[in-house]
Amino acid sequence: MAPAEGTSPATGIAAWQATLGYIHAHHAPDAMLEIRVAMRQNGLRWAAVVRWGEIAECVSDCLTLPDSLHQLWDVVDAHHIIFEEPSHGWRAPAGYEPHNWLDLPTLDILHRFLWTARSAFREDWQLYIFYRVADVPHTRVRVRLLADQHRLVVGASGPTIMQAMRHLFRNAADSFALYSVSNEL
């Protein structure tokens with residue numbers, strides 16, 4: 001459910017989605033948010049990119065998803081005027097505490113997926129999450145797992161991150177089992 005006009009969205013990711021909707025309507029119809037996470041020797045590293053028209057802003061090597069999305073907004077806000085009127089700024093993904101960037105069901109499926117990917121592929125994997133404003137809800141969020149030096153590519157889509165991640169989990173189940181067994185040998 002969308003927040004009432006002038007009411008900040010419940011989560012930081014919902015605020016990003018509202019902001020992308022605004023960019024889509026007022027600046028460029030190709031607005032997209034990309035989130036990447038990969039396992040490195042020193043742990044998970046997050047990156048985030050927002051694109052619209054000829055513009056792309058990004059942050060990388062962040063320790064958490066909230067850090068990446070917060071830092072990305074700081075970069076965008078410092079370099080661009082997104083909201084044409086100050087009264088439109090209620091959508092901005094700013095001011096969210098680290099625990100308020102995702103709703104609990106989305107956070108749960110994401111954590112389970114990350115743990116499973118780490119167990120199956122160790123350090124050789126990446127997860128991409130793409131959000132784009134779309135008229136067809138099941139294509140708004142696209143997710144992609146790349147592993148085994150990009151020899152394994154598994155994707156899914158859905159209207160929300162949670163639903164897309166659930167589809168990806170199902171689509172990748174056989175690969176998780178295969179790689180988990182081969183890593184045990």
# chains A, B, ... in the order shown; residues from 1 in each chain; ligands from 1

$ select_by_dssp --residues "region 52-111 of chain A" --states "strand (DSSP E)" --output "PDB file with C-alpha atoms, in the first residue's frame"
ATOM      1  CA  TRP A  52      18.057   7.757 -15.397  1.00  0.00           C
ATOM      2  CA  ILE A  55      22.867  10.062 -15.477  1.00  0.00           C
ATOM      3  CA  ALA A  56      24.334   7.278 -13.359  1.00  0.00           C
ATOM      4  CA  GLU A  57      25.421   7.586  -9.743  1.00  0.00           C
ATOM      5  CA  CYS A  58      26.952   4.749  -7.775  1.00  0.00           C
ATOM      6  CA  VAL A  59      28.549   3.706  -4.523  1.00  0.00           C
ATOM      7  CA  SER A  60      30.497   0.532  -3.875  1.00  0.00           C
ATOM      8  CA  ASP A  61      32.373  -1.454  -1.256  1.00  0.00           C
ATOM      9  CA  CYS A  62      29.717  -0.818   1.396  1.00  0.00           C
TER      10      CYS A  62
END

$ residues_around --residues "Glu34 (chain A)" --least-positions-apart "2" --cutoff "8 Å" --atoms "only C-alpha atoms" --output "ChimeraX atom specification"
/A:32,36,48-50,128-131

$ select_by_dssp --residues "region 6-181 of chain A" --states "helix (DSSP H, G or I)" --output "PyMOL selection string"
chain A and resi 12-26+65-79+86-91+98-100+104-121+137-139+161-181

$ residues_around --residues "region 125-127 of chain A" --least-positions-apart "6" --cutoff "8 Å" --atoms "only C-alpha atoms" --output "number ranges by chain"
A: 36-39, 117-118, 143-150

$ closest_residue --among "A:Val153, A:Leu168, A:Ala173, A:Ala92" --to "Thr11 (chain A)" --atoms "only C-alpha atoms"
A:Ala92

$ closest_residue --among "A:Leu72, A:Ile161, A:Leu114, A:Ile82" --to "His26 (chain A)" --atoms "only C-alpha atoms"
A:Ile82

$ closest_atom_pairs --of "region 12-78 of chain A" --to "region 133-137 of chain A" --cutoff "12 Å" --atoms "only C-alpha atoms" --output "CSV"
residue,atom,partner,partner_atom,distance
A:Trp16,CA,A:Val133,CA,11.0
A:Gln17,CA,A:Val133,CA,7.9
A:Ala18,CA,A:Val133,CA,9.4
A:Thr19,CA,A:Val133,CA,10.2
A:Leu20,CA,A:Val133,CA,7.0
A:Gly21,CA,A:Val133,CA,6.2
A:Tyr22,CA,A:Val133,CA,9.7
A:Ile23,CA,A:Val133,CA,9.6
A:His24,CA,A:Val133,CA,7.1
A:Ala25,CA,A:Val133,CA,9.6
A:Ala28,CA,A:Val133,CA,10.8
A:Pro29,CA,A:Val133,CA,8.0
A:Asp30,CA,A:Val133,CA,7.9
A:Ala31,CA,A:Val133,CA,7.1
A:Met32,CA,A:Val133,CA,7.3
A:Leu33,CA,A:Val133,CA,9.5
A:Trp52,CA,A:Val133,CA,11.3

$ write_last_selection --atoms "C-alpha atoms" --output "PDB file, in the first residue's frame"
ATOM      1  CA  TRP A  16      13.762   4.579  -3.158  1.00  0.00           C
ATOM      2  CA  GLN A  17      10.896   3.066  -5.137  1.00  0.00           C
ATOM      3  CA  ALA A  18       8.782   6.208  -4.605  1.00  0.00           C
ATOM      4  CA  THR A  19      11.743   8.356  -5.643  1.00  0.00           C
ATOM      5  CA  LEU A  20      12.264   6.265  -8.781  1.00  0.00           C
ATOM      6  CA  GLY A  21       8.581   6.677  -9.558  1.00  0.00           C
ATOM      7  CA  TYR A  22       9.037  10.441  -9.257  1.00  0.00           C
ATOM      8  CA  ILE A  23      12.154  10.385 -11.473  1.00  0.00           C
ATOM      9  CA  HIS A  24      10.253   8.219 -13.975  1.00  0.00           C
ATOM     10  CA  ALA A  25       7.373  10.722 -14.083  1.00  0.00           C
ATOM     11  CA  ALA A  28      13.301  10.131 -17.411  1.00  0.00           C
ATOM     12  CA  PRO A  29      11.097   7.061 -17.925  1.00  0.00           C
ATOM     13  CA  ASP A  30      14.099   4.709 -17.758  1.00  0.00           C
ATOM     14  CA  ALA A  31      14.863   5.286 -14.051  1.00  0.00           C
ATOM     15  CA  MET A  32      16.379   2.169 -12.461  1.00  0.00           C
ATOM     16  CA  LEU A  33      17.966   1.146  -9.165  1.00  0.00           C
ATOM     17  CA  TRP A  52      18.057   7.757 -15.397  1.00  0.00           C
TER      18      TRP A  52
END

$ closest_residue --among "A:Ala15, A:Ile35, A:Leu69, A:Val75" --to "His88 (chain A)" --atoms "only C-alpha atoms"
A:Ala15
